[in-house]
Amino acid sequence: MVHAMPFEPVILFFLLGLLAGLARSDLKIPAVLYESLSIFLLLAIGLKGGVELARQSLAELILPALVIVGIGAALPLIAFPVLQRLGKLSRADAASLAAHYGSVSVVTFAVGAAYLASVGQDYEGYMVVFLVLLEFPALMIGVWLARRGQGESPLGKVLHEVFAGKSIVLLVGGLLIGWLAGADGIKPLDRLFFDLFKGLLAIFLLEMGLVAASRFGDLRRAGTFLLGFAVTMPLFAGTLGALTASLLGLSVGGAALLATLYASASYIAAPAAMRIAVPEANPALSIGAALGITFPFNLVIGIPTYYWLARQLEGVV
Amino acid sequence: MVHAMPFEPVILFFLLGLLAGLARSDLKIPAVLYESLSIFLLLAIGLKGGVELARQSLAELILPALVIVGIGAALPLIAFPVLQRLGKLSRADAASLAAHYGSVSVVTFAVGAAYLASVGQDYEGYMVVFLVLLEFPALMIGVWLARRGQGESPLGKVLHEVFAGKSIVLLVGGLLIGWLAGADGIKPLDRLFFDLFKGLLAIFLLEMGLVAASRFGDLRRAGTFLLGFAVTMPLFAGTLGALTASLLGLSVGGAALLATLYASASYIAAPAAMRIAVPEANPALSIGAALGITFPFNLVIGIPTYYWLARQLEGVV
Amino acid sequence: MVHAMPFEPVILFFLLGLLAGLARSDLKIPAVLYESLSIFLLLAIGLKGGVELARQSLAELILPALVIVGIGAALPLIAFPVLQRLGKLSRADAASLAAHYGSVSVVTFAVGAAYLASVGQDYEGYMVVFLVLLEFPALMIGVWLARRGQGESPLGKVLHEVFAGKSIVLLVGGLLIGWLAGADGIKPLDRLFFDLFKGLLAIFLLEMGLVAASRFGDLRRAGTFLLGFAVTMPLFAGTLGALTASLLGLSVGGAALLATLYASASYIAAPAAMRIAVPEANPALSIGAALGITFPFNLVIGIPTYYWLARQLEGVV
Amino acid sequence: MTMQPTTTSATPPLASYTRRTLLTVICEASIEGRVAADARRLGAHGYTASDARGWGQHGTRDGGWPLSGNVRIDILCEAAIADAIAGHLQANYFASYAMVCYLSDVSVLRSDKF
Amino acid sequence: MTMQPTTTSATPPLASYTRRTLLTVICEASIEGRVAADARRLGAHGYTASDARGWGQHGTRDGGWPLSGNVRIDILCEAAIADAIAGHLQANYFASYAMVCYLSDVSVLRSDKF
Amino acid sequence: MTMQPTTTSATPPLASYTRRTLLTVICEASIEGRVAADARRLGAHGYTASDARGWGQHGTRDGGWPLSGNVRIDILCEAAIADAIAGHLQANYFASYAMVCYLSDVSVLRSDKF
Ligand SMILES: Nc1ncnc2c1ncn2[C@@H]1O[C@H](COP(=O)(O)O)[C@@H](O)[C@H]1O
Ligand SMILES: Nc1ncnc2c1ncn2[C@@H]1O[C@H](COP(=O)(O)O)[C@@H](O)[C@H]1O
Ligand SMILES: Nc1ncnc2c1ncn2[C@@H]1O[C@H](COP(=O)(O)O)[C@@H](O)[C@H]1O
Ligand code: NA
Ligand code: NA
Ligand code: NA
């Protein structure tokens with residue numbers, strides 16, 4: 001049975017934002033609060049992962065990391081021809097969308113982890129390492145897909161944009177600090193980074209609801225193909241994630257989280273990178289699909305589904 | 001005996017802001033921090049009320065709600081002729097001031113609740129429902145008073161302004177989320193919304209002190225009539241509130257809070273609504289009176305007085 | 001043995017910011033978040049000091065305060081001729097730098113206190129009173145040094161700038177509130193001001209790392225003399241501080257903190273005051289030295305050294 | 001002040017410019033949405049706004065508080081439309097709101113946009 | 001660049017405009033208060049400010065830190081007053097502060113305000 | 001609209017002004033860094049930016065979200081340089097980015113700065 005999720009309170013904050021946006025409320029989350037919250041969430045996720053990583057032998061992570069990144073890199077390569085041929089999208093748009101769906105969403109991951117905590121399901125704490133690793137490859141592939149056979153390639157710019165980009169600096173920085181300091185060293189910071197995590201995630205989701213509502217308009221231009229893609233792609237990628245995780249022997253929680261990662265579409269790192277590397281792609285299409293449809297879909301339906309899937313696969317593969 | 005309040009620390013923050021403002025300090029609370037804090041406070045008050053509401057039979061609230069809103073709606077109707085005749089104010093100014101004093105101040109309510117907590121006095125948790133209900137009627141009445149016999153009436157605009165306005169969206173949204181999730185569902189959010197409430201209220205009051213200081217200049221134009229009104233009206237309304245509560249059989253704490261609600265003057269929702277619906281009213285008058293006098297008066301003198309009154313009335317009515 | 005400090009997590013946040021800045025990451029801490037955090041830190045430090053002060057007989061503080069301020073006032077007078085003669089700096093630049101190094105840095109103090117807490121070393125809670133007292137004299141002396149024999153002196157402006165400046169208002173305001181309310185009265189605010197202190201200090205230091213990185217460019221103009229001064233001066237002043245504290249019979253922790261105060265260079269109050277009172281001084285020199293060198297030096301090397309020194313002097317003087 | 005408009009500009013005609021009017025409105029932040037909607041209705045094809053603070057006839061508006069913030073609105077359009085918008089603002093807002101508005105002549109690229 | 005000021009504007013004379021000077025000052029945020037006070041003393045009847053960042057002779061001022069922020073100040077006034085303020089700024093701030101200032105001609109409504 | 005540029009300004013020649021061109025660019029915040037670098041490369045000696053929001057051909061950009069913010073960039077320079085920058089922006093950004101740019105004539109003090 002799929003666990004119903006709508007009453008998980010952080011999701012309710014997202015719905016509140018969505019409704020307020022659709023009702024044209026004057027409620028606005030100041031842009032600076034949004035930025036401050038995302039700095040907090042990225043650092044907190046990194047720190048938590050780092051503390052878990054300190055308990056782990058790094059050597060044992062190499063093989064799973066390679067498999068997870070390798071299979072993850074297949075996602076944009078599968079999505080691209082579908083978008084270009086079936087969706088009749090321009091090469092640039094197809095490549096940009098492939099990059100968005102191949103990369104990952106940090107907040108979807110955070111909600112997934114919160115969901116598992118609320119149903120009392122453990123998971124491997126080092127999953128956040130895969131979150132970091134899965135952020136890049138799809139962006140590189142997206143740029144390559146858009147530029148194939150066109151000579152000039154701004155890969156260097158994209159590499160700098162991504163590696164020196166704030167999400168990676170904060171995630172990796174938090175990871176390293178958590179790893180160096182360990183659970184004991186981090187203890188005096190727990191009150192901020194761990195105790196307040198869920199509350200601040202709730203406020204962040206309120207804002208994401210408002211933003212998602214403002215993106216619904218973009219979807220009209222998108223057409224039904226893209227609407228279908230924005231729901232089918234996460235289900236496909238989520239299934240692939242759950243299978244990969246079972247293959248690697250991850251726990252049920254780990255499988256649900258890897259499925260969530262594969263299924264999630266980036267709406268922070270990818271739009272920023274694509275805007276610079278593939279400017280002729282229409283950002284309204286990719287952000288509209290990733291944020292207007294896939295993000296809410298994953299929050300309300302996707303995550304419980306991936307968890308259900310992970311439990312079905314337990315012991316099977 | 002009236003409980004002395006000046007040493008309640010949140011009030012001290014207000015006084016610090018007031019003094020800093022009067023001393024022309026360069027201390028400024030960034031506008032974005034003000035907005036972020038008010039988003040937090042509104043959500044937190046809503047959530048807390050919602051959790052309490054979940055413990056309550058809604059049907060039992062209908063009668064008290066009707067009485068409380070009905071008597072509350074009398075306040076602007078009483079204030080208007082006083083302001084127009086005795087105060088010799090223009091119809092627009094009198095109507096706008098009536099709306100401000102008929103509506104309620106969320107932060108005054110929060111300080112009242114903090115005061116009761118600090119003197120160890122319980123109160124009905126669902127009082128926040130009345131806070132929400134009391135926000136509107138006076139605004140409608142104010143617009144009607146200003147526009148009577150003038151044909152065009154922007155009531156529709158005001159209705160949207162208020163119902164889709166951010167204070168109501170956040171208060172009602174928090175109320176619904178708290179009600180749906182219940183105390184257990186909200187638990188992971190407690191660390192943010194409940195534990196930090198008083199500390200963040202203190203910082204908010206620091207800013208309100210700065211703003212109140214900057215409004216003292218407006219008061220010079222106001223004249224002594226308005227100064228007297230800004231102190232007499234809350235005392236009158238507070239007494240009416242304590243009486244109404246005793247009549248309805250609310251607890252001493254509930255009576256003190258209802259008195260505080262009636263006595264408080266709105267300085268967020270009302271100014272915004274009046275600026276749009278009654279633009280010819282001078283906002284310096286109403287904000288100067290509500291924020292420059294009534295707000296500090298209620299904080300330092302009013303709230304302990306209403307509590308004292310509520311205890312006197314206990315068992316009497 | 002000097003306690004190694006690099007793994008103290010708050011320092012790691014500073015290093016993360018420094019690295020991100022040097023790698024030209026697009027990571028930015030919004031200016032408003034910086035301001036909000038500094039409001040928080042100043043209030044929290046003040047409150048903590050006030051609570052400790054309430055446990056103290058004020059009369060006993062008068063003598064140590066006079067000695068500490070007197071010796072502290074010697075620092076800019078010693079630094080000025082060194083800067084002017086040896087450093088061949090203009091009178092304005094020498095005076096401004098003397099003021100920066102004679103005054104104190106609140107954040108260095110906070111990191112010093114966090115360091116002592118993490119090594120389990122107690123200290124006199126009222127040290128924050130000296131922090132407040134040490135902020136002014138050097139600024140006055142700096143203005144006097146720059147203006148000597150020039151007739152017009154903007155001391156009045158500087159006095160207002162400093163006393164009504166936001167750092168003093170918040171520190172002294174917090175001190176007074178903490179003192180009036182006492183540990184019990186402050187308790188409901190502990191969750192914000194004390195529990196979150198270290199986590200928010202970490203985020204503040206992340207930003208300071210970014211700012212320090214952006215100041216490295218200024219150092220090229222500064223020349224080697226200034227680089228040497230920015231390291232020698234804190235060591236000299238720190239030693240003087242440890243000696244003074246031992247003389248006054250402060251605890252080891254108190255001596256380490258007084259050394260840290262003397263050794264720290266102001267980069268908030270001093271730049272603001274000098275910009276107005278000594279505009280012909282080049283702010284790039286003083287901020288570059290204070291923030292680009294002395295601040296990181298104190299964080300990583302200075303504070304453990306002063307603590308080591310304080311322990312050596314224990315029982316000796 | 002040497003504001004001789006007859007001085008011919010030395011710029012080479014690399015890009016082709018057209019004269020348009022820039023209407024700037026400084027007003028209370030609370031009516032930004034209405035001014036923007038009015039401008040659109042009266043024919044503007046775009047608009048830009050930034051937060052501002054200041055003082056004038058209606059006293060100090062320091063932006064330290066949502067209700068005391070100003071906004072600066074720039075609308076680039078044909079002179080006739082700028083005039084229509086300015087006239088509309090004068091008729092509807094000048095009496096009751098803190099507001100200033102002025103026009104300047106500018107040279108735009110891609111004149112079809114405005 | 002076709003900046004021919006002789007082109008007559010097609011706007012109908014719906015509202016009545018007057019020529020005024022717009023003085024724009026871009027400077028360090030730390031002296032905003034003093035510039036505003038000076039402008040008031042020299043005869044300005046209003047002023048508007050917004051936060052800004054930038055670079056110039058005094059290096060980069062990215063606004064990421066209170067001390068590195070700029071501010072953009074606009075003052076609408078009669079030409080003589082603009083000139084007096086500009087002269088005052090030149091005499092008192094140009095040597096020691098990051099500051100830029102320039103004037104443009106604009107058409108205002110309600111000329112009595114400025 | 002009485003925009004007669006032949007009206008001579010009444011300002012006394014207290015300070016000495018020079019005519020310069022003010023290039024204003026309103027564009028997506030994400031390309032601010034590139035526009036600034038381009039301007040520097042093409043000869044600008046300074047630049048100023050502020051956050052903005054707005055709407056135009058590319059829809060609404062309300063700044064409520066980092067990716068939907070605009071920026072307003074002002075560059076004061078000689079007419080030829082303004083023209084070169086405007087031409088460069090037209091060639092490189094107009095097709096793919098939300099962007100507006102326009103020029104105006106202003107009088108500057110300290111003309112050597114620009
Ligand atoms: N002369 C002026 N120069 C620049 N800005 C002004 C001027 N007068 C008014 N303003 C701006 O317009 C707003 C409203 O003006 P007012 O209606 O005169 O209070 C003020 O808060 C200022 O931001
Ligand atoms: N040529 C220019 N164009 C636009 N803004 C400028 C220019 N030069 C300087 N500025 C602005 O004025 C500030 C101070 O200039 P400066 O005194 O040249 O450093 C800079 O930080 C910029 O924001
Ligand atoms: N006619 C206009 N007047 C003022 N600002 C405009 C105008 N058109 C566009 N803008 C600004 O330039 C940005 C990009 O314009 P666009 O490329 O037309 O979408 C918009 O988001 C507005 O901020
Ligand atoms: Na994905
Ligand atoms: Na009331
Ligand atoms: Na010092």
# chains A, B, ... in the order shown; residues from 1 in each chain; ligands from 1
call {"tool": "closest_atom_pairs", "arguments": {"of": "chain B", "to": "chain E", "cutoff": "12 Å", "atoms": "only C-alpha atoms", "output": "CSV"}}
result
residue,atom,partner,partner_atom,distance
B:Arg24,CA,E:Gly33,CA,12.0
B:Asp26,CA,E:Gly33,CA,10.2
B:Pro30,CA,E:Pro66,CA,11.7
call {"tool": "residues_near_ligand", "arguments": {"ligand": "ligand 5", "cutoff": "9 Å", "atoms": "only C-alpha atoms and all ligand atoms", "output": "list in words"}}
result
Gly72, Leu75, Pro76, Ala99, His100, Tyr101, Gly102, Ser103, Val104, Ser105, Leu134, Glu135, Ala138, Met233, Pro234, Ala237, Gly238, Ala259, Thr260, Leu261, Tyr262, Ala263, Ser264, Ala265 and Ser266 of chain B
call {"tool": "residues_near_ligand", "arguments": {"ligand": "ligand 2", "cutoff": "6 Å", "atoms": "only C-alpha atoms and all ligand atoms", "output": "list in words"}}
result
Ile26, Cys27, Arg53, Gly54, Trp55, Gly56, Gln57, His58, Gly59, Arg61, Ala98, Met99 and Val100 of chain E; His45, Gly46, Tyr47, Thr48, Asp74, Ile75, Leu76, Cys77 and Phe114 of chain F
call {"tool": "write_last_selection", "arguments": {"atoms": "N, CA and C atoms", "output": "short mmCIF file (atom, residue, chain, number, x, y, z; two decimals), in the first residue's frame"}}
result
data_model
loop_
_atom_site.label_atom_id
_atom_site.label_comp_id
_atom_site.auth_asym_id
_atom_site.auth_seq_id
_atom_site.Cartn_x
_atom_site.Cartn_y
_atom_site.Cartn_z
N ILE E 26 25.93 58.85 -7.44
CA ILE E 26 26.21 57.47 -7.04
C ILE E 26 27.39 57.52 -6.09
N CYS E 27 27.20 57.04 -4.87
CA CYS E 27 28.29 57.18 -3.90
C CYS E 27 28.23 56.08 -2.85
N ARG E 53 25.37 48.83 -6.50
CA ARG E 53 26.74 48.30 -6.40
C ARG E 53 27.46 48.69 -7.68
N GLY E 54 28.76 48.48 -7.76
CA GLY E 54 29.43 48.86 -8.99
C GLY E 54 30.93 48.89 -8.85
N TRP E 55 31.57 49.45 -9.86
CA TRP E 55 33.01 49.69 -9.76
C TRP E 55 33.35 50.96 -10.50
N GLY E 56 34.49 51.52 -10.15
CA GLY E 56 34.96 52.75 -10.76
C GLY E 56 36.40 52.96 -10.33
N GLN E 57 36.80 54.23 -10.24
CA GLN E 57 38.17 54.52 -9.85
C GLN E 57 38.56 53.93 -8.50
N HIS E 58 37.60 53.89 -7.57
CA HIS E 58 37.91 53.41 -6.23
C HIS E 58 37.73 51.91 -6.11
N GLY E 59 37.79 51.20 -7.19
CA GLY E 59 37.71 49.74 -7.13
C GLY E 59 36.28 49.23 -7.09
N ARG E 61 32.90 47.85 -5.54
CA ARG E 61 32.06 48.00 -4.35
C ARG E 61 30.85 47.12 -4.58
N ALA E 98 34.33 57.56 -2.89
CA ALA E 98 33.89 57.04 -4.17
C ALA E 98 32.58 57.75 -4.51
N MET E 99 32.57 58.50 -5.59
CA MET E 99 31.37 59.27 -5.92
C MET E 99 31.37 59.68 -7.39
N VAL E 100 30.20 59.61 -7.98
CA VAL E 100 30.01 60.04 -9.37
C VAL E 100 28.77 60.89 -9.36
N HIS F 45 34.85 52.79 -17.90
CA HIS F 45 35.70 52.97 -16.72
C HIS F 45 34.94 52.80 -15.42
N GLY F 46 33.67 52.45 -15.51
CA GLY F 46 32.90 52.27 -14.30
C GLY F 46 31.54 51.70 -14.66
N TYR F 47 30.85 51.23 -13.64
CA TYR F 47 29.49 50.75 -13.88
C TYR F 47 28.74 50.67 -12.55
N THR F 48 27.43 50.75 -12.63
CA THR F 48 26.58 50.72 -11.44
C THR F 48 25.41 49.79 -11.71
N ASP F 74 23.84 50.83 -15.20
CA ASP F 74 24.09 52.15 -15.78
C ASP F 74 25.58 52.31 -16.05
N ILE F 75 25.89 52.69 -17.24
CA ILE F 75 27.29 52.91 -17.61
C ILE F 75 27.42 54.29 -18.23
N LEU F 76 28.27 55.08 -17.64
CA LEU F 76 28.50 56.45 -18.07
C LEU F 76 29.80 56.46 -18.85
N CYS F 77 29.76 56.89 -20.11
CA CYS F 77 30.99 56.81 -20.90
C CYS F 77 30.89 57.72 -22.11
N PHE F 114 35.39 59.34 -17.12
CA PHE F 114 34.49 58.48 -17.90
C PHE F 114 34.98 58.21 -19.33
#
call {"tool": "interface_residues", "arguments": {"of": "chain B", "to": "chain A", "cutoff": "10 Å", "atoms": "only C-alpha atoms", "output": "PDB file with C-alpha atoms, in the first residue's frame"}}
result
ATOM      1  CA  ALA B  31      12.906  45.540   5.915  1.00  0.00           C
ATOM      2  CA  VAL B  32      13.429  41.959   4.771  1.00  0.00           C
ATOM      3  CA  LEU B  33      14.123  40.802   8.320  1.00  0.00           C
ATOM      4  CA  GLU B  35       8.974  40.729   6.665  1.00  0.00           C
ATOM      5  CA  SER B  36      10.614  37.393   7.459  1.00  0.00           C
ATOM      6  CA  ILE B  39       5.847  35.605   8.182  1.00  0.00           C
ATOM      7  CA  PHE B  40       7.232  33.500  11.015  1.00  0.00           C
ATOM      8  CA  LEU B  43       2.510  31.124  10.762  1.00  0.00           C
ATOM      9  CA  HIS B 160      -9.689  40.592  -1.975  1.00  0.00           C
ATOM     10  CA  GLU B 161      -7.012  42.737  -0.345  1.00  0.00           C
ATOM     11  CA  VAL B 162      -7.926  41.336   3.064  1.00  0.00           C
ATOM     12  CA  PHE B 163      -8.773  37.717   2.286  1.00  0.00           C
ATOM     13  CA  ALA B 164      -5.863  37.197  -0.085  1.00  0.00           C
ATOM     14  CA  GLY B 165      -3.677  39.483   2.007  1.00  0.00           C
ATOM     15  CA  LYS B 166      -0.650  37.872   3.500  1.00  0.00           C
ATOM     16  CA  SER B 167      -1.653  38.121   7.156  1.00  0.00           C
ATOM     17  CA  ILE B 168      -4.846  36.172   6.614  1.00  0.00           C
ATOM     18  CA  VAL B 169      -3.241  33.651   4.260  1.00  0.00           C
ATOM     19  CA  LEU B 170      -0.533  32.900   6.819  1.00  0.00           C
ATOM     20  CA  VAL B 172      -5.508  30.829   8.315  1.00  0.00           C
ATOM     21  CA  GLY B 173      -2.973  28.649   6.511  1.00  0.00           C
ATOM     22  CA  GLY B 174      -1.144  27.974   9.766  1.00  0.00           C
ATOM     23  CA  LEU B 176      -5.453  24.758   8.887  1.00  0.00           C
ATOM     24  CA  ILE B 177      -2.066  23.046   8.854  1.00  0.00           C
ATOM     25  CA  GLY B 178      -2.012  22.872  12.656  1.00  0.00           C
ATOM     26  CA  LEU B 180      -4.921  18.921   9.970  1.00  0.00           C
ATOM     27  CA  ALA B 181      -1.583  17.782  11.357  1.00  0.00           C
ATOM     28  CA  GLY B 182      -2.451  17.972  15.061  1.00  0.00           C
ATOM     29  CA  GLY B 185       2.157  15.892  13.228  1.00  0.00           C
ATOM     30  CA  ILE B 186       3.507  19.314  14.084  1.00  0.00           C
ATOM     31  CA  LYS B 187       6.048  18.010  16.583  1.00  0.00           C
ATOM     32  CA  PRO B 188       9.048  18.078  14.197  1.00  0.00           C
ATOM     33  CA  LEU B 189       8.288  21.741  13.546  1.00  0.00           C
ATOM     34  CA  ASP B 190       8.056  22.665  17.234  1.00  0.00           C
ATOM     35  CA  ARG B 191      11.724  23.522  17.486  1.00  0.00           C
ATOM     36  CA  LEU B 192      11.287  26.334  15.021  1.00  0.00           C
ATOM     37  CA  PHE B 193       7.741  27.564  15.468  1.00  0.00           C
ATOM     38  CA  ASP B 195      10.701  27.171  20.833  1.00  0.00           C
ATOM     39  CA  LEU B 196      11.954  30.234  18.994  1.00  0.00           C
TER      40      LEU B 196
END
call {"tool": "interface_residues", "arguments": {"of": "chain D", "to": "chain E", "cutoff": "6 Å", "atoms": "only C-alpha atoms", "output": "list in words"}}
result
Thr11, Pro13, Tyr17, Ala52, Arg53, Gly54, Trp55, Gly56, Ala79, Ala80, Gly87, Tyr102, Leu103 and Ser104 of chain D
call {"tool": "atom_distance", "arguments": {"atom1": "atom CA of Ala213 of chain A", "atom2": "atom CA of Ala92 of chain A"}}
result
25.4 Å
call {"tool": "select_by_dssp", "arguments": {"residues": "segment 20-89 of chain D", "states": "strand (DSSP E)", "output": "ChimeraX atom specification"}}
result
/D:20-28,47-56,59-61,70-77
call {"tool": "closest_residue", "arguments": {"among": "E:Ala91, E:Ile31, E:Ile81, E:Pro66", "to": "ligand 1", "atoms": "only C-alpha atoms and all ligand atoms"}}
result
E:Ile81
call {"tool": "residues_around", "arguments": {"residues": "Phe297 of chain B", "least_positions_apart": "3", "cutoff": "10 Å", "atoms": "only C-alpha atoms", "output": "ChimeraX atom specification"}}
result
/B:230-231,234-235,264,290-294,300-303
call {"tool": "write_last_selection", "arguments": {"atoms": "all heavy atoms", "output": "compact mmCIF listing (two decimals), in the first residue's frame"}}
result
# COMPACT_ATOMS: atom_id res chain seq x y z
N ALA B 230 -6.46 57.65 21.53
CA ALA B 230 -5.59 56.49 21.39
C ALA B 230 -5.35 55.78 22.72
O ALA B 230 -4.84 54.65 22.74
CB ALA B 230 -4.26 56.92 20.78
N VAL B 231 -5.71 56.41 23.84
CA VAL B 231 -5.57 55.78 25.14
C VAL B 231 -6.94 55.37 25.68
O VAL B 231 -7.09 54.30 26.28
CB VAL B 231 -4.86 56.75 26.13
CG1 VAL B 231 -5.01 56.26 27.55
CG2 VAL B 231 -3.40 56.88 25.75
N PRO B 234 -8.75 52.06 23.64
CA PRO B 234 -8.38 50.69 24.07
C PRO B 234 -8.91 50.35 25.45
O PRO B 234 -9.32 49.18 25.68
CB PRO B 234 -6.85 50.69 24.04
CG PRO B 234 -6.44 52.11 23.90
CD PRO B 234 -7.57 52.83 23.25
N LEU B 235 -8.95 51.32 26.35
CA LEU B 235 -9.48 51.00 27.69
C LEU B 235 -10.96 50.65 27.61
O LEU B 235 -11.42 49.68 28.21
CB LEU B 235 -9.24 52.17 28.65
CG LEU B 235 -7.79 52.36 29.09
CD1 LEU B 235 -7.62 53.62 29.91
CD2 LEU B 235 -7.31 51.14 29.87
N SER B 264 -6.75 46.25 21.00
CA SER B 264 -5.61 46.48 20.10
C SER B 264 -6.07 47.16 18.82
O SER B 264 -7.20 47.03 18.38
CB SER B 264 -4.95 45.15 19.76
OG SER B 264 -5.78 44.41 18.89
N ALA B 290 -2.24 54.52 16.14
CA ALA B 290 -2.27 53.09 16.43
C ALA B 290 -0.90 52.58 16.86
O ALA B 290 -0.80 51.78 17.80
CB ALA B 290 -2.76 52.31 15.20
N LEU B 291 0.13 53.04 16.19
CA LEU B 291 1.46 52.50 16.43
C LEU B 291 2.25 53.35 17.41
O LEU B 291 3.06 52.84 18.19
CB LEU B 291 2.21 52.41 15.11
CG LEU B 291 3.44 51.55 15.11
CD1 LEU B 291 3.09 50.15 15.58
CD2 LEU B 291 4.00 51.49 13.70
N GLY B 292 2.03 54.65 17.34
CA GLY B 292 2.83 55.54 18.19
C GLY B 292 2.32 55.59 19.62
O GLY B 292 3.08 55.82 20.55
N ILE B 293 1.02 55.37 19.81
CA ILE B 293 0.48 55.47 21.16
C ILE B 293 -0.18 54.19 21.63
O ILE B 293 0.19 53.61 22.64
CB ILE B 293 -0.55 56.62 21.24
CG1 ILE B 293 0.13 57.93 20.82
CG2 ILE B 293 -1.10 56.74 22.65
CD1 ILE B 293 -0.72 59.13 21.00
N THR B 294 -1.19 53.73 20.86
CA THR B 294 -1.98 52.61 21.38
C THR B 294 -1.15 51.34 21.54
O THR B 294 -1.30 50.62 22.54
CB THR B 294 -3.18 52.35 20.45
OG1 THR B 294 -3.90 53.58 20.33
CG2 THR B 294 -4.08 51.28 21.00
N VAL B 300 2.62 48.11 27.61
CA VAL B 300 3.16 48.39 28.94
C VAL B 300 2.07 48.50 29.99
O VAL B 300 2.20 48.00 31.10
CB VAL B 300 4.03 49.67 28.90
CG1 VAL B 300 4.58 49.98 30.28
CG2 VAL B 300 5.16 49.50 27.90
N ILE B 301 0.95 49.13 29.65
CA ILE B 301 -0.11 49.36 30.64
C ILE B 301 -1.35 48.53 30.37
O ILE B 301 -1.93 47.93 31.27
CB ILE B 301 -0.50 50.86 30.67
CG1 ILE B 301 0.74 51.69 31.05
CG2 ILE B 301 -1.64 51.11 31.64
CD1 ILE B 301 0.52 53.19 30.93
N GLY B 302 -1.75 48.50 29.09
CA GLY B 302 -3.03 47.87 28.77
C GLY B 302 -3.12 46.42 29.19
O GLY B 302 -4.03 46.02 29.93
N ILE B 303 -2.21 45.60 28.71
CA ILE B 303 -2.32 44.16 28.92
C ILE B 303 -2.41 43.80 30.40
O ILE B 303 -3.32 43.04 30.79
CB ILE B 303 -1.17 43.42 28.19
CG1 ILE B 303 -1.37 43.56 26.66
CG2 ILE B 303 -1.11 41.95 28.57
CD1 ILE B 303 -0.24 43.02 25.82
call {"tool": "select_by_dssp", "arguments": {"residues": "segment 63-126 of chain C", "states": "alpha helix (DSSP H)", "output": "VMD selection string"}}
result
chain C and resid 63 to 81 91 to 102 106 to 118
call {"tool": "residues_around", "arguments": {"residues": "Ala146 of chain A", "least_positions_apart": "5", "cutoff": "9 Å", "atoms": "only C-alpha atoms", "output": "NGL selection string"}}
result
:A and (91-96 or 141 or 277-278)
call {"tool": "decode", "arguments": {"residues": "segment 81-88 of chain D", "atoms": "N, CA and C atoms", "output": "CSV table (one decimal), in the first residue's frame"}}
result
chain,number,residue,atom,x,y,z
D,81,ILE,N,2.0,57.7,-25.5
D,81,ILE,CA,1.6,56.8,-24.4
D,81,ILE,C,2.1,57.2,-23.1
D,82,ALA,N,3.4,57.7,-23.0
D,82,ALA,CA,3.9,58.3,-21.8
D,82,ALA,C,3.0,59.4,-21.3
D,83,ASP,N,2.6,60.2,-22.2
D,83,ASP,CA,1.7,61.3,-21.9
D,83,ASP,C,0.4,60.8,-21.3
D,84,ALA,N,-0.1,59.8,-22.0
D,84,ALA,CA,-1.4,59.3,-21.5
D,84,ALA,C,-1.3,58.7,-20.1
D,85,ILE,N,-0.2,58.0,-19.9
D,85,ILE,CA,0.0,57.4,-18.5
D,85,ILE,C,0.2,58.5,-17.5
D,86,ALA,N,1.0,59.4,-17.8
D,86,ALA,CA,1.3,60.5,-16.9
D,86,ALA,C,0.0,61.3,-16.5
D,87,GLY,N,-0.8,61.5,-17.6
D,87,GLY,CA,-2.1,62.2,-17.3
D,87,GLY,C,-3.0,61.4,-16.4
D,88,HIS,N,-3.0,60.1,-16.7
D,88,HIS,CA,-3.8,59.2,-15.9
D,88,HIS,C,-3.4,59.2,-14.4
